[in-house]
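Below you'll find the structure, written out as structure tokens, and then a few comments.
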2 protein chains.
Amino acid sequence: MTTPSSLEPAIVRIGERLAQLSAGLSPSLFDSHWWSHSAINLAMKDASFKTRLFHFIDVLSVIQDDERVVSLAEEYFGRSGSELFGLQWGLKAVASTGIGARLAGKSIRKQIEHMARTFIAGASIEEAVPVLSQLWKDGRASSVDLLGEATISELEADLYRDQCLNALDELGQAANTWPSTSLLERDHLGPIPRVQLSLKISALSSRLDPIDPDGSYASVAARLRPLIDRAQSLAAGLIFDMEQAETKNLILEIFKRLLAEPAYRSYPYAGLALQAYHRETEQDVEDVLAWVRTRGVPITIRLVKGAYWDSDTVRYRQAGWPVPLFDHKADTDINYERLIPLLFRHADLIRPAFGTHNLRTLAAIEAHAESLGLAPESREYQMIFGMAEPFQQAMVKLGRRVRLYTPAGRLLPGMAYLVRRLLENTSNESFLQKEYVESQPLARLLAPPAVPANVHRPSVSAPQMFSNEPHSDFSQAKVREAMQAAIASVRSHLGRRWEAGGADRALTGPVLESRNPSQPDEIVVHGPSASVSDLDTVIERALKQWSAWRQKAPEDRSEILRKAASEMSRRRYELAAWEIFEVGKPWRDADADVAEAIDFLRYYAGEMDRLAQPARVGTRPGELNQLTYGPRGMTAVIAPWNFPLAIPTGMVSAALVTGNPVLFKPSERSSGLGVLLTDMLIGAGVPAGCLTCLPGGPEIGQALVTHPDVVTIAFTGSKAAGLRILSEASRVRPGQHMVKRVIAEMGGKNAIIVDETADLDEAIAGVMASFSGYAGQKCSACSRVIVHRAVYDSFVARLREAVLSVEVGDPSQPSTRVGPVIDTRAQASIQRYIALGLEEGRLLVQRTVDQNGYFIGPTVFVDIQPHHRLAQEEIFGPVLAVMKADSFVDAIRVANGTDYALTGGVYARSPSSLATAREEFDVGNLYLNRPITGALVSRQPFGGHRFSGMGAKAGGEDYLPQFMIARVISENTLRRGFESTQ
Amino acid sequence: MTTPSSLEPAIVRIGERLAQLSAGLSPSLFDSHWWSHSAINLAMKDASFKTRLFHFIDVLSVIQDDERVVSLAEEYFGRSGSELFGLQWGLKAVASTGIGARLAGKSIRKQIEHMARTFIAGASIEEAVPVLSQLWKDGRASSVDLLGEATISELEADLYRDQCLNALDELGQAANTWPSTSLLERDHLGPIPRVQLSLKISALSSRLDPIDPDGSYASVAARLRPLIDRAQSLAAGLIFDMEQAETKNLILEIFKRLLAEPAYRSYPYAGLALQAYHRETEQDVEDVLAWVRTRGVPITIRLVKGAYWDSDTVRYRQAGWPVPLFDHKADTDINYERLIPLLFRHADLIRPAFGTHNLRTLAAIEAHAESLGLAPESREYQMIFGMAEPFQQAMVKLGRRVRLYTPAGRLLPGMAYLVRRLLENTSNESFLQKEYVESQPLARLLAPPAVPANVHRPSVSAPQMFSNEPHSDFSQAKVREAMQAAIASVRSHLGRRWEAGGADRALTGPVLESRNPSQPDEIVVHGPSASVSDLDTVIERALKQWSAWRQKAPEDRSEILRKAASEMSRRRYELAAWEIFEVGKPWRDADADVAEAIDFLRYYAGEMDRLAQPARVGTRPGELNQLTYGPRGMTAVIAPWNFPLAIPTGMVSAALVTGNPVLFKPSERSSGLGVLLTDMLIGAGVPAGCLTCLPGGPEIGQALVTHPDVVTIAFTGSKAAGLRILSEASRVRPGQHMVKRVIAEMGGKNAIIVDETADLDEAIAGVMASFSGYAGQKCSACSRVIVHRAVYDSFVARLREAVLSVEVGDPSQPSTRVGPVIDTRAQASIQRYIALGLEEGRLLVQRTVDQNGYFIGPTVFVDIQPHHRLAQEEIFGPVLAVMKADSFVDAIRVANGTDYALTGGVYARSPSSLATAREEFDVGNLYLNRPITGALVSRQPFGGHRFSGMGAKAGGEDYLPQFMIARVISENTLRRGFESTQ
């Protein structure tokens, strides 16, 4: 149901009236004589300039040094910068003197701050109060939003709670002095408070995570209760803002659960924002209405269009999840209009508040109200401080209650807010842009929203293109339930014995067993291992199977991989659950490992299909030259335990799909998953002899490497083991007929650089995820962070709090971010490094875990020097060395100063720093402004150099050819004087 | 000047008259009721079928076994074969019984033979004589062409000469009995003989080669003289046929030189075919006319359109040479008409003979003659036996002299001729096709020739595409002269001392010298070598230069390579001459080596340009993932002497262009060229310290391999040295910071398989070139030939004669095909293998060279068994082991039965054998129906596996990345909620 066409005449009439009332006024952003006028106009014409401008505004606030402001302006705008900022002389010239640079820097900063004040009422609640008071006197109410940094620790969550309490107090006190204004103090259900606060729920906990609704509730509710207590006592309103789509259901749940608690059940001034751009909002309104009916006390519903469309759409598409928002702006407008009568019809249960700056939408609301015969006080209009002032005025003149969403807070953390507002105002789809910039005719502005017929709707990628298996969306209840069920099921099978794994007769080695690292007295799985004397038989059998396997059509081999992928996909929660128990992976890590295994299967299948087509080289007549690939031969895969499914799946499937027979030795720490993988591949059609799982220790690996029939060795593991293999494999032994090839992925000593231009919210979250994820047991894990001295102190202080806030514990619990390390040997080794760290540096923070199990809490050392062992050696645990750098270039030098070159990361916004990193940061996988773990197949082909690895990147185009020999076949196509290519 | 339009009415009138005279007749190929009718019709409709049909006809003649005929028919035509050959039941069914297969085979063979007889007058001259007699009685003269195999030995050249002598005798005898026919026995210059023989000049020598006009003349003239003697005594005519464009000038020279000899100067019945499709023919006619004037006795000029258009055009384009023939059939027709009056105007000097089957051309000749008032006897019409009979008849009816070009000879060697005729008759551009198949209206058939406006003219390849440096076209006099001048110049500089090679101070090793392998007392060049103690300084200097070099824009590095390529191209004859003296390469080999060096420079420059563009991987929003490449670091290049410019250029330039510093150790046997190469690269802009030439022996190589700062080793050489390097490089040494990478190209034990379906003319030539080229000192050289038992005896017999015919000697002589081996050590080693061959097998033939110098004549052993050392070990000299195989599959098994897998070749026409080879012949570079040496950069990327090499193919897309590390840079492009990829 959309707005009935019978309402259109009323909409046009009301719209024209509002336009009249707003005539002669102009939004300050478009009208003022100050600097931003020309900058914003230019941004609207030039998308590249707009990006640079907003990036510059974004980074500006963190820069302490005025000279650096000037150099950054130059990085972003080149010489045009001086014109842009109305400076009399060029930036280059300005910067040539220190004093000139400082003056210019101050001037630039001033201009941006001026712009910010258009949208932010004050740098603190105290500074904002006079502005709010003036608004009240001018007939507009307000809802205050306290700007803050992202909350990345419990300390910061407490701080936000305290700021909110303080704001309620300050506002309550000020509001007492405001003149009485009946329009603003009553609605159709009775009196309403002068004070209203909008709450950012995600700021009230560092643990808000939809994977763990109960834990999230406990954490957030604990900080919400004192706020509601205070609001109740002051008779102030509290509105829960809605944020990213991923947390929508969680916030709805928290709202309903908390406000149903006996203490808050009768609080009448609670409210909730709902976003019309979300496809589920109509259902959400219905659910909330049902809940309000049982609660018995009305709430406010603030209907907004939604402010996270761009980022949510990008992030869902990036994750490969269906986007839950409407594709097109007009869809959102249509949905909004559809929701108006729904809210009005239940005005006995709710106080409808309409957030919009769109003339058409305003008119539609009024038209609906008119047709339903509602009094003016039945509805509230909410607009944003500093935006669309002409409409604010018009609505006030029309005698409607207008409330301004009004941010207060320091400029620095307010930049994200400012940029969002600027984006909104300059978007091509913005109503303000249409009216005030493009000056579209009123009739068109008031026409019903309609999606243009030719609009491009993002389509799913073509079926032949590789597409990553999406990670599980744990914000969905049914996904969480499936995972819980799988964990319960696997738990009930613990202690089982493996048997098959492609070996047609019993292996003769000793029994191996895997224990649950969180619960070492629990045997997860056990079974026979291979002995060296088993190898000859196994290899003979594999060689016998080989010719049929290599002669199979490549597409048939690819098909087997795809079949195995489907089976893994079907069993993904079960497999993830086995990982939780056998190697101690937390939910998301385990889930990602299974998804990556599926990716490897599908990606290498597609790669084989590509490589199976002979490529023609050269186009001269008289000859046909084709490049084709064939298998190298017997391949040994020696795999690690830390990605117990993904890494062996990648190596084994690459060797298999290219036509080789495979002997697969899983790590003795994850034999169970190795056997599972083998059985799945054989189940999908790999002939048994072509793939044999050989659980066992290093002696089996050694025997495989030196066996004369083994010609390719794919290894992932430590540097020491890898170098030993490389050396052993290069010695030719009797009976050997081919140079052995070793594909080795080894260790890393990976660094993240935090530049002075970094976004610290993101940098700290990224460092946390990169160093503590899976307890640091990823070859890609961060183990050094090199911080620019300008931000060192604040980085270290916030990092400490973040470490103190992370959940460490049993990985079968969804709340757990950091689980145990793999075994007692690993635990002891890491502890030795921690002891060393105490000697070499200074302990910043260490988490301890009071549980049975191989736990090592995240531990951070500061004052580490580049030559320290803590800065040079791979630890493979959640231990981080923090180092200080004098400059970005210095940081790069330190980062490059190890024997490893695997992953690296940079948090920086300066274009020049990012460019330097691209050129100079010498690692296999470099990540800019994101965590350094979690490389995805095909999108981030993975692998390093120096002593980090030897061979092409896994999950990339060059990987499969390593398992093959390339043949160029050149045919003379000229026969008896005629060219016979067909 | 083309045909004046004033002649058009006459042409139409005469053409209509001729059409009338030919009406009711049809060429036998299109009209007969026999089998070929349907086959030819189908071929004209279906290009793929046509190719298969002609291939089948081509191979058929060599098949002895009727059952094999049936299986081949099935390979080519599948089940439709039975229908095609009018067999009552399917071929499968037929073949299911041996008797059935033999019957079907005979039937198929009969049908093809029948078809052949349309164009071939008899299987021998004796068989042809009655046919020719009958033609004479029907009013048509003849010019006999003796069909034969390609002449690949002097014995075969003698045989052809003897056949020609015999034919003259037989024809002379028979012609005496023919009735007198004045039309055929007189022309405008007087009496003409009844007997005429067309000579294939290339059949009169196995050494006919435009690179060596004098040697070619000596060889051909020696066999022509007895022929002219006989023709003079019998008063018979001799016409020199014109063949491939490459030999045109040579044949013209031979004709003019021989017929100016006092003994032959007055011989009045000599003649020459000239091809209207050649752009130079008008000039050639003028030259010949001038020559005739001085000689004083007329000759016959047979003007033809030209029969090698397809193959010449393909081969010139394949070679990268400008095609000397007209692009389009109509151009040829225009040129032909242009030449008619030229010939007529000089009818006092020549007897014009017109070879054409085109009604328009015939009418044009008549119209020209009419307009010039020439008597009918002034011209002769030559047509081909079996072709366009209606026009033959029409011309006879018109009272013109018609002579048929009439082949005689065995079907087997006649197949090439038959296929050419079939092609001509079925070509889309054929006049016969237009008239008799398409039935175009007469007016269109008689219209002046015109190139369609929209015709596609082959364009030169786009400038950005890589295109191989063409080899020198030694059929051009100016090219031969340039080479001779360069040889003379280098000879005058022999004994010079090298100095630079990028080393900034004197190297401290002993003096090295290179001696001319053909003349060991001649020092070619000498100079200082490196000592191990020089390395640290050199490496330190290189590391210092490195950062500037790696930071240089990749396109600037590419540009330096291109500049070096231009310099090499400018100095190509000089460089080739140095190769002749320093390593004993014959002209073509030396020239090819320089061209390949140029190719490597340009190809790798282009590859770097390609790789310098970061490649985006993945297209998800919110992230930008780019794959980029950077240099690995210090690279040692350890090069061989056998391609003293090309191979080091490839390795050095690949390492340099990718941004690495290079230490280059040329072979101590070719240090001079190593220094030359280094100086050219430095001259083109490589900073001196970035490239240092280190002449020296194995101890320098060893020191480079084990040096901790050397991270990449590019090696080409022996298996033993390569495996030692692989093993040494894999041991990590103190101070080393990276796993070393070794790119090793090692030896080969390369086999050519000669199938029963092989074209032996090509197989023998290919084996000869592959095993004896550069005295077998190519890693790609053939050292085993595995021959199907069905053709073993004839292959061995002809091969022996071919070996006996090849020119062995001083490579500075253009005639030399096989020069010396590199030095006395090599000579001794090869001699040991020859001694071994005498024990293991049976000597088929051994050439000896009675010259000072390190010569080893080409030597062939037969009866070699697969397990023999001669069948397993690389010899690196002109020694060939011949082995017999029972079947093609058996041959493949034997070919694959060594530790090497570098090159391999197959001569076969059976589609199934070729397909089997593609699947099963396990070598890096497989060549079908062509020699197995001479891989070209980009078109045949080169390299092997097993113990033949480790690494990507040189001259291919995967080569450069070996010198680089790959980095994936993943940027989070979502900032402050908006996607900022630009």
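Identifiers for the structure tokens are assigned positionally: chains receive A, B, ... in sequence, residues are indexed from 1 per chain, and ligands are indexed from 1 in the order shown.
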
Using only C-alpha atoms, find which residues of chain A lie within 6 Å of chain B and jot them down as a ChimeraX atom specification.
/A:310-311,314,318,416,617-618,620-622,726-727,730-731,737-739,899,924-930,939,946-947,967-972,976-978

Set the distance at 10 Å and use only C-alpha atoms: which residues neighbour Leu446 in chain B once local chain neighbours fewer than 5 positions away are removed? I'd like the list as a compact mmCIF listing (two decimals) with all heavy atoms, in the first residue's frame.
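File produced: result_4.txt:
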# COMPACT_ATOMS: atom_id res chain seq x y z
N GLU B 8 38.53 -2.85 -73.85
CA GLU B 8 37.46 -3.63 -73.22
C GLU B 8 36.45 -4.21 -74.20
O GLU B 8 36.08 -5.38 -74.08
CB GLU B 8 36.76 -2.80 -72.12
CG GLU B 8 37.63 -2.51 -70.89
CD GLU B 8 38.13 -3.77 -70.16
OE1 GLU B 8 37.42 -4.80 -70.20
OE2 GLU B 8 39.25 -3.72 -69.61
N ILE B 11 37.91 -7.22 -75.63
CA ILE B 11 38.00 -8.30 -74.64
C ILE B 11 36.66 -9.00 -74.50
O ILE B 11 36.57 -10.23 -74.49
CB ILE B 11 38.49 -7.75 -73.29
CG1 ILE B 11 39.98 -7.33 -73.41
CG2 ILE B 11 38.33 -8.77 -72.18
CD1 ILE B 11 40.54 -6.61 -72.21
N VAL B 12 35.60 -8.19 -74.43
CA VAL B 12 34.28 -8.78 -74.27
C VAL B 12 33.92 -9.62 -75.51
O VAL B 12 33.45 -10.76 -75.41
CB VAL B 12 33.22 -7.69 -74.03
CG1 VAL B 12 31.81 -8.27 -74.08
CG2 VAL B 12 33.49 -7.01 -72.68
N ARG B 13 34.20 -9.06 -76.66
CA ARG B 13 33.89 -9.79 -77.91
C ARG B 13 34.64 -11.12 -77.96
O ARG B 13 34.04 -12.18 -78.17
CB ARG B 13 34.28 -8.91 -79.11
CG ARG B 13 34.22 -9.63 -80.45
CD ARG B 13 34.49 -8.71 -81.64
NE ARG B 13 35.57 -7.74 -81.45
CZ ARG B 13 36.88 -8.02 -81.60
NH1 ARG B 13 37.29 -9.25 -81.91
NH2 ARG B 13 37.78 -7.07 -81.41
N ILE B 14 35.95 -11.05 -77.65
CA ILE B 14 36.75 -12.28 -77.73
C ILE B 14 36.34 -13.25 -76.64
O ILE B 14 36.21 -14.46 -76.86
CB ILE B 14 38.26 -11.94 -77.63
CG1 ILE B 14 38.67 -11.06 -78.82
CG2 ILE B 14 39.09 -13.22 -77.59
CD1 ILE B 14 40.02 -10.38 -78.67
N GLY B 15 36.07 -12.70 -75.47
CA GLY B 15 35.66 -13.55 -74.36
C GLY B 15 34.37 -14.28 -74.68
O GLY B 15 34.23 -15.48 -74.39
N GLU B 16 33.43 -13.57 -75.27
CA GLU B 16 32.16 -14.22 -75.62
C GLU B 16 32.37 -15.32 -76.65
O GLU B 16 31.76 -16.39 -76.59
CB GLU B 16 31.16 -13.18 -76.14
CG GLU B 16 30.60 -12.35 -74.97
CD GLU B 16 29.74 -11.16 -75.44
OE1 GLU B 16 29.74 -10.89 -76.66
OE2 GLU B 16 29.09 -10.54 -74.58
N ASN B 358 42.08 -18.31 -67.04
CA ASN B 358 41.06 -17.31 -66.75
C ASN B 358 40.58 -16.73 -68.08
O ASN B 358 41.36 -16.22 -68.88
CB ASN B 358 41.71 -16.24 -65.87
CG ASN B 358 40.76 -15.13 -65.50
OD1 ASN B 358 40.02 -14.62 -66.35
ND2 ASN B 358 40.79 -14.73 -64.24
N LEU B 359 39.28 -16.83 -68.30
CA LEU B 359 38.68 -16.41 -69.58
C LEU B 359 39.00 -14.95 -69.88
O LEU B 359 39.35 -14.59 -71.00
CB LEU B 359 37.17 -16.64 -69.50
CG LEU B 359 36.40 -16.50 -70.81
CD1 LEU B 359 36.83 -17.58 -71.80
CD2 LEU B 359 34.89 -16.58 -70.56
N ARG B 360 38.87 -14.13 -68.87
CA ARG B 360 39.14 -12.70 -69.03
C ARG B 360 40.60 -12.49 -69.46
O ARG B 360 40.90 -11.71 -70.35
CB ARG B 360 38.87 -11.99 -67.69
CG ARG B 360 39.63 -10.71 -67.45
CD ARG B 360 38.97 -9.50 -68.07
NE ARG B 360 39.92 -8.37 -68.14
CZ ARG B 360 39.59 -7.17 -68.57
NH1 ARG B 360 38.37 -6.92 -69.01
NH2 ARG B 360 40.49 -6.22 -68.62
N THR B 361 41.51 -13.20 -68.80
CA THR B 361 42.93 -13.01 -69.12
C THR B 361 43.21 -13.50 -70.54
O THR B 361 43.94 -12.84 -71.31
CB THR B 361 43.81 -13.76 -68.11
OG1 THR B 361 43.35 -13.48 -66.80
CG2 THR B 361 45.26 -13.35 -68.24
N LEU B 362 42.64 -14.64 -70.88
CA LEU B 362 42.83 -15.16 -72.24
C LEU B 362 42.35 -14.14 -73.25
O LEU B 362 43.03 -13.84 -74.25
CB LEU B 362 42.06 -16.48 -72.42
CG LEU B 362 42.63 -17.68 -71.62
CD1 LEU B 362 41.62 -18.84 -71.63
CD2 LEU B 362 43.96 -18.12 -72.20
N ALA B 363 41.17 -13.59 -73.02
CA ALA B 363 40.61 -12.60 -73.95
C ALA B 363 41.46 -11.35 -74.00
O ALA B 363 41.67 -10.75 -75.07
CB ALA B 363 39.17 -12.27 -73.53
N ALA B 364 42.01 -10.97 -72.84
CA ALA B 364 42.85 -9.77 -72.80
C ALA B 364 44.11 -9.98 -73.62
O ALA B 364 44.56 -9.07 -74.34
CB ALA B 364 43.20 -9.41 -71.35
N PRO B 441 27.54 -14.64 -64.20
CA PRO B 441 27.24 -14.20 -65.57
C PRO B 441 28.53 -13.82 -66.33
O PRO B 441 29.49 -13.35 -65.73
CB PRO B 441 26.34 -12.99 -65.39
CG PRO B 441 26.43 -12.62 -63.96
CD PRO B 441 26.90 -13.80 -63.20

Please identify all polymer residues within 9 Å of Leu103 in chain B, counting only C-alpha atoms, omitting same-chain residues fewer than 3 positions from it, and present them as a list of chain:residue names.
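What passes the distance filter is B:Asp66, B:Glu67, B:Val94, B:Gly98, B:Ile99, B:Gly100, B:Lys106, B:Ser107, B:Ile108.
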
Expected file: the selected residues, N, CA and C atoms, as a PDB file, in the first residue's frame:
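This went into result_36.pdb:
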ATOM      1  N   ASP B  66      46.549 -51.283 -46.005  1.00  0.00           N
ATOM      2  CA  ASP B  66      45.169 -50.913 -46.338  1.00  0.00           C
ATOM      3  C   ASP B  66      44.284 -50.767 -45.108  1.00  0.00           C
ATOM      4  N   GLU B  67      44.576 -51.553 -44.096  1.00  0.00           N
ATOM      5  CA  GLU B  67      43.752 -51.409 -42.881  1.00  0.00           C
ATOM      6  C   GLU B  67      43.971 -50.036 -42.249  1.00  0.00           C
ATOM      7  N   VAL B  94      33.227 -52.072 -41.272  1.00  0.00           N
ATOM      8  CA  VAL B  94      34.191 -52.581 -42.227  1.00  0.00           C
ATOM      9  C   VAL B  94      35.473 -52.997 -41.521  1.00  0.00           C
ATOM     10  N   GLY B  98      39.408 -57.860 -40.498  1.00  0.00           N
ATOM     11  CA  GLY B  98      40.645 -57.549 -41.222  1.00  0.00           C
ATOM     12  C   GLY B  98      40.414 -57.548 -42.718  1.00  0.00           C
ATOM     13  N   ILE B  99      39.668 -58.512 -43.171  1.00  0.00           N
ATOM     14  CA  ILE B  99      39.450 -58.594 -44.624  1.00  0.00           C
ATOM     15  C   ILE B  99      38.648 -57.411 -45.114  1.00  0.00           C
ATOM     16  N   GLY B 100      37.596 -57.110 -44.358  1.00  0.00           N
ATOM     17  CA  GLY B 100      36.773 -55.949 -44.709  1.00  0.00           C
ATOM     18  C   GLY B 100      37.619 -54.699 -44.783  1.00  0.00           C
ATOM     19  N   LYS B 106      41.558 -50.626 -50.003  1.00  0.00           N
ATOM     20  CA  LYS B 106      41.865 -50.646 -51.444  1.00  0.00           C
ATOM     21  C   LYS B 106      40.908 -49.763 -52.220  1.00  0.00           C
ATOM     22  N   SER B 107      39.659 -49.844 -51.842  1.00  0.00           N
ATOM     23  CA  SER B 107      38.653 -49.064 -52.566  1.00  0.00           C
ATOM     24  C   SER B 107      38.926 -47.560 -52.410  1.00  0.00           C
ATOM     25  N   ILE B 108      39.235 -47.158 -51.195  1.00  0.00           N
ATOM     26  CA  ILE B 108      39.513 -45.738 -50.950  1.00  0.00           C
ATOM     27  C   ILE B 108      40.726 -45.303 -51.757  1.00  0.00           C
TER      28      ILE B 108
END

Skipping near chain neighbours, those fewer than 5 positions away, what residues fall within 12 Å of range 137-142 of chain A using only C-alpha atoms, listed as a VMD selection string?
chain A and resid 121 128 to 132 171 175 177 to 186 192 to 198 236 to 239 380 to 385 389 392 to 408

Name the residues of range 149-344 of chain A that fall into strand (DSSP E or B) according to DSSP on the backbone, using the chain letters and numbers of this document, as a list in words.
Arg186, Asp187, Gly190, Pro191, Gln196, Leu197, Ser198, Leu199, Gly237, Leu238, Ile239, Phe240, Ala270, Gly271, Leu272, Ala273, Leu274, Gln275, His278, Ile299, Thr300, Ile301, Arg302, Leu303, Val304 and Leu325 of chain A

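With CA of Val62 in chain A on one side and CA of Gly86 in chain A on the other, the separation reads 22.4 Å.
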
Output as a ChimeraX atom specification all residues of range 282-461 of chain A that backbone DSSP marks as helix (DSSP H, G or I).
/A:282-295,309-319,329-345,359-371,376-378,389-397,411-426,431-437,442-446

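With only C-alpha atoms as the atoms that count, the residue of B:Gly696, B:Pro191, B:Gly606, B:Pro687 with the shortest distance to Val532 in chain B is B:Gly696.
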
Identify, on the basis of only C-alpha atoms, every residue whose closest approach to Ile638 in chain A does not exceed 9 Å; exclude the query and any residue fewer than 4 positions from it along the same chain; express the result as a PyMOL selection string.
chain A and resi 648+651+663-667+701+704+713-717

Counting only C-alpha atoms, closest pick from A:Thr118, A:Gly215, A:Leu673, A:Arg505 relative to Gly386 in chain A is A:Thr118

Would you mind listing, for every residue of range 726-834 of chain B within 8 Å of range 506-519 of chain B, the two atoms forming the shortest contact and the distance between them in Å to one decimal, using only C-alpha atoms, sorted by chain and ascending residue number, as a Markdown table?
| residue | atom | partner | partner_atom | distance |
| --- | --- | --- | --- | --- |
| B:Gly809 | CA | B:Ser518 | CA | 7.9 |
| B:Asp810 | CA | B:Ser518 | CA | 6.0 |
| B:Pro811 | CA | B:Ser518 | CA | 7.7 |
| B:Gly819 | CA | B:Ser518 | CA | 7.5 |
| B:Pro820 | CA | B:Ser518 | CA | 5.9 |
| B:Val821 | CA | B:Pro517 | CA | 6.8 |
| B:Ile822 | CA | B:Pro517 | CA | 5.7 |
| B:Asp823 | CA | B:Pro517 | CA | 6.0 |

Grab the residues selected above and save them as a compact mmCIF listing (two decimals), in the first residue's frame with all heavy atoms.
# COMPACT_ATOMS: atom_id res chain seq x y z
N GLY B 809 81.94 -27.12 -41.92
CA GLY B 809 83.17 -26.36 -42.09
C GLY B 809 83.20 -25.07 -41.31
O GLY B 809 82.58 -24.94 -40.25
N ASP B 810 83.91 -24.11 -41.86
CA ASP B 810 84.14 -22.84 -41.20
C ASP B 810 82.85 -22.01 -41.19
O ASP B 810 82.30 -21.70 -42.24
CB ASP B 810 85.24 -22.10 -41.97
CG ASP B 810 85.58 -20.75 -41.35
OD1 ASP B 810 84.80 -20.25 -40.51
OD2 ASP B 810 86.62 -20.19 -41.72
N PRO B 811 82.38 -21.64 -40.02
CA PRO B 811 81.09 -20.93 -39.97
C PRO B 811 81.14 -19.52 -40.53
O PRO B 811 80.08 -18.91 -40.71
CB PRO B 811 80.76 -20.92 -38.48
CG PRO B 811 82.06 -21.09 -37.79
CD PRO B 811 82.92 -21.92 -38.69
N GLY B 819 79.19 -26.12 -38.10
CA GLY B 819 80.53 -25.63 -37.80
C GLY B 819 81.20 -26.51 -36.75
O GLY B 819 80.83 -27.68 -36.57
N PRO B 820 82.19 -25.97 -36.05
CA PRO B 820 82.93 -26.74 -35.05
C PRO B 820 82.14 -26.82 -33.75
O PRO B 820 81.13 -26.13 -33.58
CB PRO B 820 84.18 -25.89 -34.85
CG PRO B 820 83.70 -24.50 -35.08
CD PRO B 820 82.67 -24.58 -36.16
N VAL B 821 82.62 -27.63 -32.81
CA VAL B 821 82.09 -27.55 -31.44
C VAL B 821 82.95 -26.56 -30.67
O VAL B 821 83.96 -26.06 -31.17
CB VAL B 821 82.01 -28.94 -30.77
CG1 VAL B 821 81.08 -29.84 -31.55
CG2 VAL B 821 83.39 -29.55 -30.59
N ILE B 822 82.55 -26.26 -29.45
CA ILE B 822 83.08 -25.06 -28.80
C ILE B 822 84.56 -25.14 -28.45
O ILE B 822 85.29 -24.18 -28.63
CB ILE B 822 82.23 -24.69 -27.56
CG1 ILE B 822 82.65 -23.34 -26.98
CG2 ILE B 822 82.28 -25.80 -26.51
CD1 ILE B 822 82.29 -22.16 -27.84
N ASP B 823 85.03 -26.31 -27.96
CA ASP B 823 86.44 -26.38 -27.60
C ASP B 823 86.91 -27.83 -27.53
O ASP B 823 86.13 -28.76 -27.78
CB ASP B 823 86.72 -25.61 -26.29
CG ASP B 823 86.02 -26.22 -25.09
OD1 ASP B 823 85.42 -27.32 -25.23
OD2 ASP B 823 86.05 -25.60 -24.02
